[in-house]
>>> print(open('work26.pdb').read())   # PDB, C-alpha atoms
ATOM      1  CA  MET A  24     -21.002  46.030  17.141  1.00  0.00           C
ATOM      2  CA  LYS A  25     -17.382  44.882  16.778  1.00  0.00           C
ATOM      3  CA  LYS A  26     -17.795  42.539  19.748  1.00  0.00           C
ATOM      4  CA  LEU A  27     -20.927  41.021  18.209  1.00  0.00           C
ATOM      5  CA  LEU A  28     -19.147  40.515  14.887  1.00  0.00           C
ATOM      6  CA  LEU A  29     -16.113  39.012  16.631  1.00  0.00           C
ATOM      7  CA  CYS A  30     -18.347  36.627  18.609  1.00  0.00           C
ATOM      8  CA  LEU A  31     -20.143  35.598  15.427  1.00  0.00           C
ATOM      9  CA  VAL A  32     -16.852  34.897  13.618  1.00  0.00           C
ATOM     10  CA  PHE A  33     -15.594  32.907  16.609  1.00  0.00           C
ATOM     11  CA  LEU A  34     -18.831  30.888  16.789  1.00  0.00           C
ATOM     12  CA  LEU A  35     -18.742  30.085  13.057  1.00  0.00           C
ATOM     13  CA  GLY A  36     -15.093  29.066  13.350  1.00  0.00           C
ATOM     14  CA  ALA A  37     -15.866  26.774  16.278  1.00  0.00           C
ATOM     15  CA  LEU A  38     -18.729  25.199  14.341  1.00  0.00           C
ATOM     16  CA  GLY A  39     -16.405  24.659  11.385  1.00  0.00           C
ATOM     17  CA  VAL A  40     -13.898  22.827  13.581  1.00  0.00           C
ATOM     18  CA  ALA A  41     -16.658  20.674  15.081  1.00  0.00           C
ATOM     19  CA  SER A  42     -18.059  19.775  11.660  1.00  0.00           C
ATOM     20  CA  ALA A  43     -14.588  18.936  10.314  1.00  0.00           C
ATOM     21  CA  GLN A  44     -14.632  15.827  12.495  1.00  0.00           C
ATOM     22  CA  SER A  45     -18.284  15.032  11.899  1.00  0.00           C
ATOM     23  CA  LEU A  46     -17.659  11.554  10.454  1.00  0.00           C
ATOM     24  CA  SER A  47     -16.699   8.826  12.884  1.00  0.00           C
ATOM     25  CA  PRO A  48     -15.083   5.440  12.240  1.00  0.00           C
ATOM     26  CA  LEU A  49     -16.587   4.011  15.440  1.00  0.00           C
ATOM     27  CA  GLY A  50     -18.679   0.960  14.606  1.00  0.00           C
ATOM     28  CA  VAL A  51     -18.487  -2.354  12.764  1.00  0.00           C
ATOM     29  CA  TRP A  52     -16.855  -2.620   9.328  1.00  0.00           C
ATOM     30  CA  THR A  53     -15.987  -5.229   6.711  1.00  0.00           C
ATOM     31  CA  ASN A  54     -13.292  -5.215   4.051  1.00  0.00           C
ATOM     32  CA  GLY A  55     -13.762  -5.727   0.316  1.00  0.00           C
ATOM     33  CA  GLU A  56     -13.154  -9.472   0.598  1.00  0.00           C
ATOM     34  CA  LYS A  57     -15.795  -9.744   3.342  1.00  0.00           C
ATOM     35  CA  LYS A  58     -13.704 -12.372   5.154  1.00  0.00           C
ATOM     36  CA  ALA A  59     -14.388 -10.756   8.529  1.00  0.00           C
ATOM     37  CA  THR A  60     -16.015  -7.899  10.402  1.00  0.00           C
ATOM     38  CA  PHE A  61     -14.061  -5.499  12.565  1.00  0.00           C
ATOM     39  CA  GLU A  62     -15.140  -3.223  15.377  1.00  0.00           C
ATOM     40  CA  ILE A  63     -13.450   0.168  15.670  1.00  0.00           C
ATOM     41  CA  TYR A  64     -13.777   1.455  19.240  1.00  0.00           C
ATOM     42  CA  LYS A  65     -12.258   3.943  21.686  1.00  0.00           C
ATOM     43  CA  CYS A  66      -9.372   2.667  23.779  1.00  0.00           C
ATOM     44  CA  GLY A  67      -8.387   5.486  26.087  1.00  0.00           C
ATOM     45  CA  ASN A  68      -8.069   8.653  23.990  1.00  0.00           C
ATOM     46  CA  LYS A  69      -7.178   6.699  20.821  1.00  0.00           C
ATOM     47  CA  LEU A  70      -8.963   4.234  18.547  1.00  0.00           C
ATOM     48  CA  CYS A  71      -8.430   0.490  18.286  1.00  0.00           C
ATOM     49  CA  GLY A  72      -9.926  -2.321  16.237  1.00  0.00           C
ATOM     50  CA  LYS A  73     -10.710  -5.972  16.890  1.00  0.00           C
ATOM     51  CA  ILE A  74     -12.004  -8.894  14.848  1.00  0.00           C
ATOM     52  CA  VAL A  75     -15.650  -9.565  15.784  1.00  0.00           C
ATOM     53  CA  SER A  76     -16.565 -12.230  13.218  1.00  0.00           C
ATOM     54  CA  LEU A  77     -14.946 -14.416  10.593  1.00  0.00           C
ATOM     55  CA  THR A  78     -16.717 -15.760   7.506  1.00  0.00           C
ATOM     56  CA  VAL A  79     -14.748 -18.986   7.983  1.00  0.00           C
ATOM     57  CA  PRO A  80     -14.123 -19.102  11.755  1.00  0.00           C
ATOM     58  CA  ASN A  81     -12.592 -22.583  11.808  1.00  0.00           C
ATOM     59  CA  ASP A  82      -9.388 -23.838  10.220  1.00  0.00           C
ATOM     60  CA  PRO A  83     -10.457 -26.146   7.362  1.00  0.00           C
ATOM     61  CA  ALA A  84      -7.543 -28.520   8.062  1.00  0.00           C
ATOM     62  CA  THR A  85      -8.299 -29.057  11.757  1.00  0.00           C
ATOM     63  CA  GLY A  86     -11.911 -27.954  12.174  1.00  0.00           C
ATOM     64  CA  LYS A  87     -10.816 -25.924  15.210  1.00  0.00           C
ATOM     65  CA  PRO A  88     -11.221 -22.141  15.607  1.00  0.00           C
ATOM     66  CA  LYS A  89      -8.588 -20.143  13.733  1.00  0.00           C
ATOM     67  CA  THR A  90      -5.672 -18.932  15.818  1.00  0.00           C
ATOM     68  CA  ASP A  91      -2.916 -16.349  15.433  1.00  0.00           C
ATOM     69  CA  SER A  92      -0.689 -19.107  14.007  1.00  0.00           C
ATOM     70  CA  GLN A  93       1.594 -16.784  11.992  1.00  0.00           C
ATOM     71  CA  ASN A  94       2.496 -14.552  14.947  1.00  0.00           C
ATOM     72  CA  PRO A  95       6.265 -13.995  15.189  1.00  0.00           C
ATOM     73  CA  ASP A  96       5.994 -14.593  18.958  1.00  0.00           C
ATOM     74  CA  PRO A  97       5.519 -18.370  19.460  1.00  0.00           C
ATOM     75  CA  LYS A  98       3.738 -17.726  22.786  1.00  0.00           C
ATOM     76  CA  LEU A  99       0.919 -15.872  20.947  1.00  0.00           C
ATOM     77  CA  ARG A 100       0.310 -18.411  18.172  1.00  0.00           C
ATOM     78  CA  THR A 101      -2.450 -20.223  20.056  1.00  0.00           C
ATOM     79  CA  ARG A 102      -4.568 -17.143  20.846  1.00  0.00           C
ATOM     80  CA  PRO A 103      -7.867 -17.062  18.956  1.00  0.00           C
ATOM     81  CA  ARG A 104      -8.274 -14.799  15.943  1.00  0.00           C
ATOM     82  CA  LEU A 105     -11.828 -14.020  16.953  1.00  0.00           C
ATOM     83  CA  GLY A 106     -11.672 -11.053  19.345  1.00  0.00           C
ATOM     84  CA  LEU A 107      -8.065 -10.285  18.390  1.00  0.00           C
ATOM     85  CA  VAL A 108      -7.135  -6.601  18.767  1.00  0.00           C
ATOM     86  CA  PHE A 109      -5.281  -6.040  15.504  1.00  0.00           C
ATOM     87  CA  MET A 110      -5.441  -2.234  15.221  1.00  0.00           C
ATOM     88  CA  GLN A 111      -4.313   0.262  17.841  1.00  0.00           C
ATOM     89  CA  GLY A 112      -2.993   3.729  18.549  1.00  0.00           C
ATOM     90  CA  PHE A 113      -5.019   5.780  16.046  1.00  0.00           C
ATOM     91  CA  GLU A 114      -5.290   9.513  16.732  1.00  0.00           C
ATOM     92  CA  TYR A 115      -7.423  12.042  14.897  1.00  0.00           C
ATOM     93  CA  ASP A 116      -5.305  14.022  12.445  1.00  0.00           C
ATOM     94  CA  ASP A 117      -7.610  16.144  10.308  1.00  0.00           C
ATOM     95  CA  ASP A 118     -10.051  15.931   7.407  1.00  0.00           C
ATOM     96  CA  ASN A 119     -11.697  12.729   8.772  1.00  0.00           C
ATOM     97  CA  LYS A 120      -8.336  10.939   8.992  1.00  0.00           C
ATOM     98  CA  TRP A 121      -7.007   8.939  11.942  1.00  0.00           C
ATOM     99  CA  ASP A 122      -3.268   8.370  11.773  1.00  0.00           C
ATOM    100  CA  ASP A 123      -0.232   7.084  13.678  1.00  0.00           C
ATOM    101  CA  GLY A 124      -1.838   3.679  14.199  1.00  0.00           C
ATOM    102  CA  LYS A 125      -0.565   0.137  13.783  1.00  0.00           C
ATOM    103  CA  ILE A 126      -2.339  -2.708  12.013  1.00  0.00           C
ATOM    104  CA  TYR A 127      -1.448  -6.369  12.463  1.00  0.00           C
ATOM    105  CA  ASP A 128      -2.166  -8.893   9.704  1.00  0.00           C
ATOM    106  CA  PRO A 129      -2.848 -12.269  11.370  1.00  0.00           C
ATOM    107  CA  GLU A 130      -2.585 -14.043   8.008  1.00  0.00           C
ATOM    108  CA  SER A 131       1.066 -13.013   7.589  1.00  0.00           C
ATOM    109  CA  GLY A 132       2.084 -12.189  11.171  1.00  0.00           C
ATOM    110  CA  LYS A 133       3.312  -8.744  10.083  1.00  0.00           C
ATOM    111  CA  THR A 134       2.581  -5.341  11.625  1.00  0.00           C
ATOM    112  CA  TYR A 135       2.393  -2.131   9.608  1.00  0.00           C
ATOM    113  CA  SER A 136       1.954   1.576  10.219  1.00  0.00           C
ATOM    114  CA  CYS A 137      -1.580   2.522   9.280  1.00  0.00           C
ATOM    115  CA  TYR A 138      -4.115   5.279   8.802  1.00  0.00           C
ATOM    116  CA  MET A 139      -7.897   5.293   8.419  1.00  0.00           C
ATOM    117  CA  LYS A 140      -9.639   7.941   6.332  1.00  0.00           C
ATOM    118  CA  LEU A 141     -13.403   8.212   6.096  1.00  0.00           C
ATOM    119  CA  LEU A 142     -14.488   8.888   2.526  1.00  0.00           C
ATOM    120  CA  ASN A 143     -18.113   9.213   3.616  1.00  0.00           C
ATOM    121  CA  ALA A 144     -20.243   7.982   6.533  1.00  0.00           C
ATOM    122  CA  ASN A 145     -20.169   4.340   5.354  1.00  0.00           C
ATOM    123  CA  THR A 146     -16.899   4.008   3.417  1.00  0.00           C
ATOM    124  CA  MET A 147     -13.370   4.169   4.774  1.00  0.00           C
ATOM    125  CA  GLU A 148      -9.907   3.816   3.271  1.00  0.00           C
ATOM    126  CA  VAL A 149      -7.538   1.789   5.467  1.00  0.00           C
ATOM    127  CA  LYS A 150      -3.896   1.884   4.403  1.00  0.00           C
ATOM    128  CA  GLY A 151      -1.062  -0.150   5.855  1.00  0.00           C
ATOM    129  CA  TYR A 152       2.494   0.846   5.008  1.00  0.00           C
ATOM    130  CA  ILE A 153       6.133   0.614   5.994  1.00  0.00           C
ATOM    131  CA  GLY A 154       7.938   3.918   6.387  1.00  0.00           C
ATOM    132  CA  PHE A 155       6.020   6.383   4.213  1.00  0.00           C
ATOM    133  CA  SER A 156       2.292   6.256   3.540  1.00  0.00           C
ATOM    134  CA  LEU A 157       2.856   6.928  -0.170  1.00  0.00           C
ATOM    135  CA  ILE A 158       3.844   3.275  -0.593  1.00  0.00           C
ATOM    136  CA  GLY A 159       1.643   0.613   0.924  1.00  0.00           C
ATOM    137  CA  ARG A 160      -1.586  -1.288   0.492  1.00  0.00           C
ATOM    138  CA  SER A 161      -5.044   0.259   0.758  1.00  0.00           C
ATOM    139  CA  GLN A 162      -8.370  -1.417   1.344  1.00  0.00           C
ATOM    140  CA  THR A 163     -11.831   0.055   1.203  1.00  0.00           C
ATOM    141  CA  TRP A 164     -13.951  -0.890   4.189  1.00  0.00           C
ATOM    142  CA  THR A 165     -17.724  -0.640   4.320  1.00  0.00           C
ATOM    143  CA  ARG A 166     -19.722   0.065   7.461  1.00  0.00           C
ATOM    144  CA  VAL A 167     -21.866  -2.849   8.639  1.00  0.00           C
ATOM    145  CA  LYS A 168     -23.387  -1.002  11.636  1.00  0.00           C
TER
END
>>> encode(input="work26.pdb", output="structure tokens")
Amino acid sequence: MKKLLLCLVFLLGALGVASAQSLSPLGVWTNGEKKATFEIYKCGNKLCGKIVSLTVPNDPATGKPKTDSQNPDPKLRTRPRLGLVFMQGFEYDDDNKWDDGKIYDPESGKTYSCYMKLLNANTMEVKGYIGFSLIGRSQTWTRVK
């Protein structure tokens, strides 16, 4: 009887761990401004993100596709923004949170530490910060697909 009870407790514990990571950020998202859509995908055993569409894909001044013109590395300033991998290195932490990632802002050319936390299946908090996550900027992303 003790073995049966122990097995039952173990099974319920294992199910609890599996359900703790039941929400997944994999998919296509947009931010509150809806300037772009982003795909979160697996890259090795971590998660990454890339820009998959832009509301305004071309530079209004030149009419040409937007590039990574603010990049601190002059060699990268001509690469297209569309398809740009701007998030990388995210690992599952706990409570539907992926942490220890980096996010690059192509509009400023700056890179920040970042975490993603699913609030529900279709809403995610994305926070970029320098140093400590208590201070930084959060955005709410909405799942597109």
>>> closest_residue(input="work26.pdb", among="A:Val108, A:Ile63, A:Ser136, A:Asp96", to="Arg160 in chain A", atoms="all atoms listed in the file")
A:Ser136
>>> closest_residue(input="work26.pdb", among="A:Arg102, A:Arg166, A:Lys89, A:Lys125", to="Leu49 in chain A", atoms="only C-alpha atoms")
A:Arg166
>>> resolve_selection(input="work26.pdb", expression="the PyMOL selection byres ((chain A and resi 73-78) around 8)", output="VMD selection string")
chain A and resid 57 to 63 71 to 72 79 to 80 104 to 110
>>> residues_around(input="work26.pdb", residues="Ile153 in chain A", least_positions_apart="5", cutoff="12 Å", atoms="only C-alpha atoms", output="list of chain:residue names")
A:Asp123, A:Gly124, A:Lys125, A:Ile126, A:Lys133, A:Thr134, A:Tyr135, A:Ser136, A:Cys137, A:Tyr138, A:Ile158, A:Gly159, A:Arg160
>>> resolve_selection(input="work26.pdb", expression="the PyMOL selection byres ((chain A and resi 143) around 10)", output="NGL selection string")
:A and (46-48 or 119 or 140-142 or 144-148 or 165)
>>> atom_distance(input="work26.pdb", atom1="CA of Pro129 in chain A", atom2="CA of Ser92 in chain A")
7.6 Å
>>> residues_around(input="work26.pdb", residues="Phe113 in chain A", least_positions_apart="2", cutoff="6 Å", atoms="all atoms listed in the file", output="list in words")
Lys69, Leu70, Gln111, Trp121, Asp122, Asp123 and Gly124 of chain A
>>> axis_aligned_box(input="work26.pdb", around="range 85-104 of chain A", padding_each_side="8 Å", output="lines of an AutoDock Vina configuration file")
center_x = -2.8
center_y = -21.5
center_z = 17.3
size_x = 34.2
size_y = 31.1
size_z = 27.0
>>> atom_distance(input="work26.pdb", atom1="CA of Thr90 in chain A", atom2="CA of Gly132 in chain A")
11.3 Å
>>> closest_residue(input="work26.pdb", among="A:Gly55, A:Gly67, A:Pro95, A:Pro83", to="Asp128 in chain A", atoms="only C-alpha atoms")
A:Pro95
>>> atom_distance(input="work26.pdb", atom1="CA of Trp164 in chain A", atom2="CA of Val149 in chain A")
7.1 Å
>>> closest_residue(input="work26.pdb", among="A:Arg100, A:Lys87, A:Lys120, A:Lys150", to="Asn54 in chain A", atoms="all atoms listed in the file")
A:Lys150
>>> decode(input="work26.pdb", residues="range 139-158 of chain A", atoms="N, CA, C and O atoms", output="compact mmCIF listing (two decimals), in the first residue's frame")
# COMPACT_ATOMS: atom_id res chain seq x y z
N MET A 139 11.22 36.84 -20.96
CA MET A 139 9.86 36.72 -21.49
C MET A 139 9.05 35.96 -20.45
O MET A 139 9.51 34.94 -19.96
N LYS A 140 7.87 36.46 -20.15
CA LYS A 140 6.99 35.77 -19.20
C LYS A 140 5.59 35.71 -19.78
O LYS A 140 4.99 36.74 -20.05
N LEU A 141 5.10 34.48 -19.96
CA LEU A 141 3.75 34.31 -20.47
C LEU A 141 2.76 34.61 -19.35
O LEU A 141 2.84 34.03 -18.27
N LEU A 142 1.83 35.51 -19.64
CA LEU A 142 0.78 35.85 -18.69
C LEU A 142 -0.42 34.94 -18.88
O LEU A 142 -1.13 34.61 -17.94
N ASN A 143 -0.63 34.54 -20.13
CA ASN A 143 -1.61 33.52 -20.50
C ASN A 143 -1.20 33.00 -21.87
O ASN A 143 -0.13 33.37 -22.37
N ALA A 144 -2.00 32.17 -22.51
CA ALA A 144 -1.59 31.53 -23.76
C ALA A 144 -1.33 32.52 -24.88
O ALA A 144 -0.56 32.23 -25.79
N ASN A 145 -1.95 33.71 -24.85
CA ASN A 145 -1.83 34.65 -25.95
C ASN A 145 -1.28 36.02 -25.57
O ASN A 145 -1.31 36.94 -26.37
N THR A 146 -0.76 36.15 -24.35
CA THR A 146 -0.21 37.42 -23.89
C THR A 146 1.11 37.15 -23.16
O THR A 146 1.19 36.25 -22.34
N MET A 147 2.10 37.98 -23.49
CA MET A 147 3.43 37.77 -22.92
C MET A 147 4.04 39.12 -22.55
O MET A 147 3.94 40.08 -23.31
N GLU A 148 4.68 39.16 -21.39
CA GLU A 148 5.46 40.33 -21.00
C GLU A 148 6.90 40.11 -21.47
O GLU A 148 7.48 39.06 -21.21
N VAL A 149 7.44 41.10 -22.18
CA VAL A 149 8.84 41.06 -22.61
C VAL A 149 9.51 42.27 -21.97
O VAL A 149 9.07 43.40 -22.17
N LYS A 150 10.56 42.01 -21.18
CA LYS A 150 11.21 43.11 -20.48
C LYS A 150 12.69 43.14 -20.79
O LYS A 150 13.41 42.16 -20.58
N GLY A 151 13.14 44.27 -21.30
CA GLY A 151 14.56 44.52 -21.53
C GLY A 151 15.11 45.38 -20.42
O GLY A 151 14.42 46.29 -19.93
N TYR A 152 16.34 45.09 -19.98
CA TYR A 152 16.90 45.82 -18.86
C TYR A 152 18.42 45.79 -18.91
O TYR A 152 19.02 44.99 -19.62
N ILE A 153 19.01 46.69 -18.14
CA ILE A 153 20.46 46.71 -17.97
C ILE A 153 20.72 46.41 -16.50
O ILE A 153 20.19 47.08 -15.62
N GLY A 154 21.51 45.39 -16.24
CA GLY A 154 21.83 45.05 -14.86
C GLY A 154 20.75 44.23 -14.19
O GLY A 154 20.73 43.01 -14.31
N PHE A 155 19.84 44.88 -13.50
CA PHE A 155 18.79 44.20 -12.73
C PHE A 155 17.44 44.35 -13.42
O PHE A 155 17.11 45.41 -13.93
N SER A 156 16.65 43.29 -13.39
CA SER A 156 15.37 43.30 -14.08
C SER A 156 14.33 44.19 -13.41
O SER A 156 13.27 44.43 -13.98
N LEU A 157 14.62 44.69 -12.21
CA LEU A 157 13.67 45.58 -11.54
C LEU A 157 13.54 46.90 -12.30
O LEU A 157 12.50 47.55 -12.27
N ILE A 158 14.61 47.31 -12.97
CA ILE A 158 14.60 48.56 -13.72
C ILE A 158 14.77 48.20 -15.20
O ILE A 158 15.69 47.51 -15.58
